[in-house]
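Asks: Next comes coords22.cif, mmCIF, C-alpha atoms (C1' of nucleotides):
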data_run
#
loop_
_atom_site.label_atom_id
_atom_site.label_comp_id
_atom_site.auth_asym_id
_atom_site.auth_seq_id
_atom_site.Cartn_x
_atom_site.Cartn_y
_atom_site.Cartn_z
CA MET A 1 -16.81 -169.26 -154.20
CA SER A 2 -18.67 -168.18 -151.11
CA VAL A 3 -17.20 -166.08 -148.33
CA TRP A 4 -17.15 -169.08 -146.00
CA GLU A 5 -15.31 -171.21 -148.51
CA ALA A 6 -12.88 -168.39 -149.19
CA LEU A 7 -12.12 -168.15 -145.47
CA ALA A 8 -11.70 -171.90 -145.11
CA ASP A 9 -8.17 -171.78 -146.54
CA PRO A 10 -5.46 -170.74 -144.06
CA VAL A 11 -3.39 -169.06 -146.78
CA ARG A 12 -6.31 -166.86 -147.75
CA ARG A 13 -6.97 -165.96 -144.13
CA GLU A 14 -3.32 -165.05 -143.74
CA ILE A 15 -3.50 -162.92 -146.88
CA LEU A 16 -6.42 -161.03 -145.38
CA THR A 17 -4.47 -160.35 -142.21
CA VAL A 18 -1.68 -158.98 -144.40
CA LEU A 19 -4.13 -156.78 -146.29
CA ARG A 20 -5.48 -155.50 -143.02
CA GLU A 21 -2.20 -153.64 -142.50
CA GLY A 22 -2.85 -151.74 -145.70
CA GLY A 23 -2.63 -152.15 -149.46
CA ALA A 24 -0.10 -154.66 -150.71
CA THR A 25 1.10 -155.69 -154.15
CA ALA A 26 0.63 -159.22 -155.41
CA GLY A 27 4.37 -159.73 -155.36
CA SER A 28 4.85 -158.54 -151.80
CA ILE A 29 2.05 -160.83 -150.71
CA ALA A 30 3.41 -163.80 -152.62
CA SER A 31 6.87 -163.32 -151.12
CA ARG A 32 5.40 -164.01 -147.69
CA PHE A 33 4.38 -167.54 -148.60
CA ALA A 34 6.26 -170.62 -149.60
CA ILE A 35 3.94 -171.43 -152.46
CA SER A 36 4.42 -170.19 -156.01
CA ARG A 37 3.18 -166.81 -157.17
CA PRO A 38 0.55 -168.28 -159.49
CA ALA A 39 -0.87 -170.08 -156.48
CA VAL A 40 -1.07 -166.80 -154.58
CA SER A 41 -2.59 -165.14 -157.62
CA ARG A 42 -5.27 -167.79 -157.60
CA HIS A 43 -5.96 -167.19 -153.91
CA LEU A 44 -6.20 -163.47 -154.59
CA ARG A 45 -8.67 -164.15 -157.34
CA VAL A 46 -10.80 -166.23 -155.00
CA LEU A 47 -10.74 -163.43 -152.45
CA ARG A 48 -11.68 -160.93 -155.13
CA GLU A 49 -14.58 -163.02 -156.38
CA ALA A 50 -15.76 -163.50 -152.82
CA GLY A 51 -15.77 -159.73 -152.44
CA LEU A 52 -13.16 -159.82 -149.69
CA ALA A 53 -10.45 -158.03 -151.65
CA SER A 54 -10.19 -155.45 -154.39
CA SER A 55 -7.34 -154.93 -156.83
CA GLU A 56 -6.14 -151.59 -158.09
CA ALA A 57 -3.73 -151.38 -161.01
CA ARG A 58 -0.89 -149.03 -160.17
CA GLY A 59 1.53 -148.95 -163.04
CA GLN A 60 3.07 -152.30 -163.49
CA GLU A 61 2.02 -153.53 -160.11
CA ARG A 62 -1.33 -154.45 -158.77
CA VAL A 63 -2.26 -153.29 -155.31
CA TYR A 64 -4.73 -155.32 -153.32
CA HIS A 65 -6.96 -153.95 -150.59
CA LEU A 66 -9.07 -155.57 -147.94
CA VAL A 67 -12.83 -155.31 -148.29
CA GLY A 68 -14.31 -156.07 -144.91
CA ALA A 69 -17.98 -155.78 -145.85
CA PRO A 70 -18.59 -159.49 -146.57
CA LEU A 71 -17.23 -160.34 -143.16
CA THR A 72 -20.37 -158.92 -141.60
CA GLU A 73 -22.21 -161.91 -143.00
CA VAL A 74 -19.91 -164.24 -141.11
CA ASP A 75 -20.20 -162.13 -138.01
CA ALA A 76 -23.98 -162.15 -138.26
CA TRP A 77 -24.06 -165.93 -138.57
CA LEU A 78 -21.78 -166.31 -135.59
CA ARG A 79 -24.02 -164.12 -133.51
CA ARG A 80 -27.06 -166.06 -134.62
CA VAL A 81 -25.65 -169.48 -133.81
CA THR A 82 -23.80 -168.64 -130.64
CA PRO A 83 -25.69 -170.08 -127.69
CA ALA A 84 -27.51 -167.73 -125.39
CA ARG A 85 -24.79 -166.12 -123.41
CA ARG A 86 -24.34 -163.13 -121.25
CA PRO A 87 -24.06 -160.12 -123.47
CA SER A 88 -20.52 -159.00 -124.04
CA PRO A 89 -19.35 -155.74 -122.50
CA ALA A 90 -19.57 -154.19 -125.95
CA GLU A 91 -23.17 -155.24 -126.29
CA ARG A 92 -24.00 -153.98 -122.83
CA LEU A 93 -22.32 -150.73 -123.65
CA ASP A 94 -24.29 -150.57 -126.85
CA ALA A 95 -27.51 -151.03 -124.93
CA LEU A 96 -26.44 -148.40 -122.43
CA GLU A 97 -25.66 -145.90 -125.15
CA THR A 98 -29.03 -146.50 -126.72
CA GLU A 99 -30.79 -145.98 -123.43
CA LEU A 100 -28.95 -142.78 -122.69
CA ARG A 101 -29.49 -141.35 -126.14
CA ARG A 102 -33.17 -142.03 -125.80
CA GLY A 103 -33.15 -139.93 -122.67
CA ARG A 104 -34.11 -142.70 -120.33
CA ARG A 105 -33.42 -142.13 -116.70
CA ALA A 106 -30.78 -144.60 -115.83
CA ASN A 107 -31.68 -144.73 -112.14
CA GLU A 108 -34.22 -147.46 -112.67
CA GLU A 109 -32.20 -150.58 -112.13
CA VAL A 110 -29.13 -150.16 -114.16
CA GLY A 111 -27.66 -150.38 -110.69
CA ASP A 112 -24.06 -150.85 -111.35
CA GLY A 113 -23.03 -148.09 -109.06
CA HIS A 114 -20.49 -146.79 -111.44
CA ARG A 115 -20.61 -143.45 -109.74
CA SER A 116 -17.09 -142.32 -110.17
CA THR A 117 -15.66 -138.92 -110.73
CA GLY A 118 -18.50 -137.03 -112.10
CA MET B 1 -10.69 -180.88 -139.90
CA SER B 2 -10.32 -177.35 -138.64
CA VAL B 3 -13.17 -175.23 -137.38
CA TRP B 4 -12.98 -173.02 -140.45
CA GLU B 5 -13.16 -175.98 -142.79
CA ALA B 6 -16.03 -177.42 -140.79
CA LEU B 7 -17.94 -174.17 -141.16
CA ALA B 8 -17.24 -173.93 -144.88
CA ASP B 9 -20.01 -176.40 -145.69
CA PRO B 10 -23.53 -174.93 -145.74
CA VAL B 11 -25.08 -178.18 -144.53
CA ARG B 12 -22.86 -178.18 -141.47
CA ARG B 13 -23.68 -174.55 -140.75
CA GLU B 14 -27.35 -175.39 -141.02
CA ILE B 15 -26.88 -178.31 -138.66
CA LEU B 16 -25.33 -175.97 -136.13
CA THR B 17 -28.27 -173.59 -136.38
CA VAL B 18 -30.52 -176.58 -135.70
CA LEU B 19 -28.44 -177.60 -132.70
CA ARG B 20 -28.63 -174.08 -131.38
CA GLU B 21 -32.32 -174.65 -130.65
CA GLY B 22 -31.32 -177.49 -128.34
CA GLY B 23 -30.28 -181.11 -128.43
CA ALA B 24 -31.38 -183.09 -131.46
CA THR B 25 -31.09 -186.72 -132.46
CA ALA B 26 -29.17 -187.74 -135.54
CA GLY B 27 -32.37 -188.88 -137.18
CA SER B 28 -34.27 -185.68 -136.56
CA ILE B 29 -31.35 -183.74 -137.96
CA ALA B 30 -31.05 -185.96 -141.02
CA SER B 31 -34.75 -185.67 -141.75
CA ARG B 32 -34.30 -181.94 -142.27
CA PHE B 33 -31.96 -182.41 -145.23
CA ALA B 34 -32.38 -183.93 -148.65
CA ILE B 35 -29.15 -185.88 -148.43
CA SER B 36 -28.91 -189.40 -147.10
CA ARG B 37 -28.52 -190.17 -143.41
CA PRO B 38 -24.97 -191.51 -143.79
CA ALA B 39 -24.01 -188.19 -145.34
CA VAL B 40 -25.47 -186.35 -142.37
CA SER B 41 -23.71 -188.76 -140.05
CA ARG B 42 -20.47 -187.85 -141.75
CA HIS B 43 -21.16 -184.14 -141.31
CA LEU B 44 -21.91 -184.75 -137.66
CA ARG B 45 -18.65 -186.55 -137.31
CA VAL B 46 -16.79 -183.61 -138.84
CA LEU B 47 -18.53 -181.26 -136.45
CA ARG B 48 -17.64 -183.53 -133.54
CA GLU B 49 -13.98 -183.75 -134.54
CA ALA B 50 -13.87 -179.98 -134.96
CA GLY B 51 -15.19 -179.67 -131.41
CA LEU B 52 -18.33 -177.90 -132.54
CA ALA B 53 -20.74 -180.64 -131.49
CA SER B 54 -20.93 -183.34 -128.86
CA SER B 55 -22.90 -186.56 -129.00
CA GLU B 56 -24.63 -188.15 -126.05
CA ALA B 57 -26.00 -191.67 -126.27
CA ARG B 58 -29.55 -191.78 -124.93
CA GLY B 59 -30.90 -195.29 -125.26
CA GLN B 60 -31.15 -196.17 -128.87
CA GLU B 61 -30.82 -192.63 -130.05
CA ARG B 62 -27.90 -190.30 -130.11
CA VAL B 63 -28.46 -186.74 -129.07
CA TYR B 64 -26.21 -184.06 -130.45
CA HIS B 65 -25.47 -180.79 -128.74
CA LEU B 66 -23.88 -177.59 -129.91
CA VAL B 67 -20.49 -176.70 -128.49
CA GLY B 68 -19.95 -173.04 -129.08
CA ALA B 69 -16.47 -172.74 -127.62
CA PRO B 70 -14.52 -173.19 -130.87
CA LEU B 71 -16.53 -170.38 -132.41
CA THR B 72 -14.65 -167.92 -130.26
CA GLU B 73 -11.61 -168.64 -132.39
CA VAL B 74 -13.51 -167.58 -135.48
CA ASP B 75 -14.86 -164.55 -133.68
CA ALA B 76 -11.39 -163.57 -132.52
CA TRP B 77 -10.03 -163.80 -136.05
CA LEU B 78 -12.87 -161.71 -137.37
CA ARG B 79 -12.19 -159.04 -134.80
CA ARG B 80 -8.51 -159.08 -135.62
CA VAL B 81 -8.97 -158.72 -139.35
CA THR B 82 -11.91 -156.38 -139.39
CA PRO B 83 -10.87 -152.83 -140.17
CA ALA B 84 -10.96 -150.38 -137.31
CA ARG B 85 -14.54 -149.49 -138.08
CA ARG B 86 -15.52 -151.20 -134.83
CA PRO B 87 -14.27 -149.18 -131.88
CA SER B 88 -13.35 -151.02 -128.75
CA PRO B 89 -15.60 -150.74 -125.70
CA ALA B 90 -13.02 -148.50 -124.05
CA GLU B 91 -13.03 -146.15 -127.02
CA ARG B 92 -16.79 -146.11 -127.04
CA LEU B 93 -16.92 -145.38 -123.34
CA ASP B 94 -14.52 -142.53 -123.86
CA ALA B 95 -16.60 -141.13 -126.68
CA LEU B 96 -19.77 -141.55 -124.66
CA GLU B 97 -18.31 -139.66 -121.70
CA THR B 98 -17.18 -136.88 -123.99
CA GLU B 99 -20.61 -136.65 -125.48
CA LEU B 100 -22.28 -136.50 -122.12
CA ARG B 101 -19.86 -133.90 -120.78
CA ARG B 102 -20.55 -131.71 -123.74
CA GLY B 103 -24.12 -131.66 -122.56
CA ARG B 104 -25.67 -133.13 -125.59
CA ARG B 105 -29.35 -133.49 -125.08
CA ALA B 106 -30.35 -136.98 -125.99
CA ASN B 107 -34.03 -136.14 -126.25
CA GLU B 108 -33.58 -133.73 -129.14
CA GLU B 109 -34.36 -135.85 -132.14
CA VAL B 110 -33.37 -139.41 -132.02
CA GLY B 111 -34.71 -140.00 -135.51
CA ASP B 112 -32.75 -139.46 -138.67
CA GLY B 113 -33.86 -135.88 -138.88
CA HIS B 114 -30.48 -134.41 -138.16
CA ARG B 115 -31.29 -130.96 -139.41
CA SER B 116 -30.14 -129.41 -136.19
CA THR B 117 -27.46 -126.97 -137.08
CA GLY B 118 -26.13 -126.74 -133.65
"C1'" DG C 1 11.89 -152.65 -181.14
"C1'" DA C 2 14.21 -156.04 -177.71
"C1'" DC C 3 14.47 -157.06 -172.85
"C1'" DT C 4 13.12 -157.22 -168.15
"C1'" DT C 5 9.65 -156.95 -164.51
"C1'" DA C 6 5.07 -157.87 -162.53
"C1'" DT C 7 1.07 -160.30 -162.85
"C1'" DA C 8 -2.58 -163.21 -164.53
"C1'" DT C 9 -4.26 -167.40 -166.89
"C1'" DA C 10 -4.22 -172.34 -168.87
"C1'" DA C 11 -3.12 -177.21 -168.64
"C1'" DG C 12 -2.10 -181.10 -166.04
"C1'" DC C 13 -1.80 -183.78 -161.92
"C1'" DC C 14 -2.99 -185.09 -157.41
"C1'" DT C 15 -5.46 -184.98 -153.24
"C1'" DC C 16 -9.38 -184.61 -150.55
"C1'" DC C 17 -14.28 -183.80 -149.83
"C1'" DT C 18 -19.05 -185.29 -150.56
"C1'" DG C 19 -22.54 -188.25 -151.73
"C1'" DT C 20 -24.38 -192.97 -152.40
"C1'" DT C 21 -25.15 -197.99 -151.41
"C1'" DA C 22 -24.07 -201.92 -148.55
"C1'" DC C 23 -23.09 -203.66 -144.12
"C1'" DG C 24 -22.32 -204.08 -138.92
"C1'" DC C 25 -23.50 -202.94 -134.23
"C1'" DT C 26 -26.44 -201.82 -130.20
"C1'" DA C 27 -30.97 -200.99 -128.05
"C1'" DA C 28 -35.92 -201.89 -127.55
"C1'" DC C 29 -39.74 -205.37 -127.88
"C1'" DG C 30 -42.65 -209.40 -128.26
"C1'" DC D 1 -34.30 -215.58 -129.51
"C1'" DG D 2 -35.88 -213.17 -133.84
"C1'" DT D 3 -37.24 -208.71 -135.51
"C1'" DT D 4 -37.27 -203.92 -136.05
"C1'" DA D 5 -35.43 -199.18 -135.25
"C1'" DG D 6 -31.58 -196.00 -135.01
"C1'" DC D 7 -26.66 -194.90 -136.11
"C1'" DG D 8 -22.32 -195.38 -137.48
"C1'" DT D 9 -18.66 -197.04 -140.73
"C1'" DA D 10 -16.58 -199.10 -145.16
"C1'" DA D 11 -16.05 -199.06 -149.94
"C1'" DC D 12 -16.68 -196.73 -154.07
"C1'" DA D 13 -17.78 -192.99 -157.76
"C1'" DG D 14 -17.90 -188.17 -158.97
"C1'" DG D 15 -16.22 -183.73 -158.65
"C1'" DA D 16 -14.06 -179.73 -156.86
"C1'" DG D 17 -9.78 -177.39 -154.86
"C1'" DG D 18 -4.92 -176.46 -154.79
"C1'" DC D 19 -0.17 -176.57 -156.45
"C1'" DT D 20 3.26 -176.43 -160.18
"C1'" DT D 21 5.06 -175.59 -164.76
"C1'" DA D 22 4.44 -173.24 -168.95
"C1'" DT D 23 2.42 -169.43 -171.55
"C1'" DA D 24 0.25 -164.83 -172.32
"C1'" DT D 25 -0.51 -159.83 -171.37
"C1'" DA D 26 0.87 -155.22 -169.90
"C1'" DA D 27 4.13 -151.74 -168.14
"C1'" DG D 28 8.67 -149.97 -167.70
"C1'" DT D 29 13.75 -149.50 -169.60
"C1'" DC D 30 17.46 -148.98 -172.88
#
Would you mind giving the structure from this file in structure tokens?
Replies:
Amino acid sequence: MSVWEALADPVRREILTVLREGGATAGSIASRFAISRPAVSRHLRVLREAGLASSEARGQERVYHLVGAPLTEVDAWLRRVTPARRPSPAERLDALETELRRGRRANEEVGDGHRSTG
Amino acid sequence: MSVWEALADPVRREILTVLREGGATAGSIASRFAISRPAVSRHLRVLREAGLASSEARGQERVYHLVGAPLTEVDAWLRRVTPARRPSPAERLDALETELRRGRRANEEVGDGHRSTG
DNA sequence: GACTTATATAAGCCTCCTGTTACGCTAACG
DNA sequence: CGTTAGCGTAACAGGAGGCTTATATAAGTC
């Protein structure tokens, strides 16, 4: 199952938000949902096969971790399809950093007058 | 159908990338896919009901437009679940100021040749 | 070794999505 | 008007996804 299809299910998205807080066992994850544990196990398998989660056997339990790498694909698509918009502050900051690191004089027309407290 | 479910289908994602280039008629969209026109019409309906597309009757044709607003929801979720690898603009500004105050010369070697021992 | 705990997998059922063909509606045109 | 073009919707078949119950595997406990 693709990353997009894996993210289409609200339970799986919720599982990922749980995993974001740190590793979690299958049981502790399942206890957060009203569905049966096998159902959660299936969701975890889907997330694993989509590359969004990894499982680590720790004794009797199985600890799951979030793998954020595949999300960059989603992010990239979003950025590609989002209509031309003013660059976000983060993007502008990114551009500014690049300019500064390249040693460009910023006094051209960056004119934002952010001359505060040297 | 939710935005996530609407985006789960590759045909619908492709349709959105087409709409990103500008308005397009249902026929011109359908001609880009191997599936039948009713199938595309159904996908367009899903996109409309998810708020991702709007249709405008122009004479005999029907022009579809991209509506990017619902994508912010997806973007927000991504940002919330993505591990802290992406510093916030404020953090980056802070780091940038620190770097500049430490007098780092930007024009040293921008390339990957980071042999500089300091 | 028997029992419990933690988890995954298989089988079965049901629902919903996706595609097709057939049909209806509105706009343009002679 | 009658005809054609463009789109949408209805009805139907095929298939995939998701949940539950039942079963299997592995680790810990006595």
Asks: Identify, on the basis of all atoms listed in the file, every residue whose closest approach to stretch 65-67 of chain B does not exceed 7 Å; exclude the query and any residue fewer than 5 positions from it along the same chain; express the result as a PyMOL selection string.
Replies: chain B and resi 16+19-20+22-24+51-55
Asks: Residues of chain B within 12 Å of chain C: nearest atom pair and distance (Å, one decimal) for each, counting all atoms listed in the file, sorted by chain and number, as CSV?
Replies:
residue,atom,partner,partner_atom,distance
B:Met1,CA,C:DC17,C1',11.0
B:Glu5,CA,C:DC17,C1',10.6
B:Ala6,CA,C:DC17,C1',11.2
B:Ala8,CA,C:DC17,C1',11.4
B:Asp9,CA,C:DT18,C1',10.2
B:Val11,CA,C:DT18,C1',11.1
B:Ala34,CA,C:DG19,C1',11.2
B:Ile35,CA,C:DG19,C1',7.8
B:Ser36,CA,C:DT20,C1',7.8
B:Arg37,CA,C:DT20,C1',10.3
B:Pro38,CA,C:DT20,C1',8.8
B:Ala39,CA,C:DG19,C1',6.6
B:Val40,CA,C:DG19,C1',10.0
B:Ser41,CA,C:DG19,C1',11.7
B:Arg42,CA,C:DT18,C1',9.3
B:His43,CA,C:DT18,C1',9.6
B:Val46,CA,C:DC17,C1',11.3
B:Ala57,CA,C:DA27,C1',10.7
B:Arg58,CA,C:DA27,C1',9.8
B:Gly59,CA,C:DA27,C1',6.3
B:Gln60,CA,C:DA27,C1',4.9
B:Glu61,CA,C:DA27,C1',8.6
B:Arg62,CA,C:DA27,C1',11.3
Asks: Looking at D:DG14, D:DG2, D:DG28, D:DG8, which one is nearest to chain A, with distances taken over all atoms listed in the file?
Replies: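 Selected residue with least distance to chain A: D:DG28.
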Asks: Sorted by chain and rising residue number, list the residues of chain D at most 9 Å from chain B (counting all atoms listed in the file), each with its closest atom pair and distance in Å to one decimal, as CSV.
Replies:
residue,atom,partner,partner_atom,distance
D:DA5,C1',B:Gln60,CA,8.3
D:DG6,C1',B:Glu61,CA,6.0
D:DC7,C1',B:Ala26,CA,7.6
D:DG8,C1',B:Ser41,CA,7.2
D:DT9,C1',B:Pro38,CA,8.9
Asks: Report, as AutoDock Vina command-line options, the axis-aligned box around all atoms of stretch 21-28 of chain C present in the file, extended by 8 Å on each side; give centre and edge lengths in Å to one decimal place.
Replies:
--center_x -29.1 --center_y -201.0 --center_z -139.5 --size_x 29.6 --size_y 22.1 --size_z 39.9
Asks: Would you mind reading off the distance between atom CA of B:Leu7 and atom CA of A:Trp4, one decimal, in Å?
Replies: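 Interatomic distance, atom CA of B:Leu7 to atom CA of A:Trp4: 7.1 Å.
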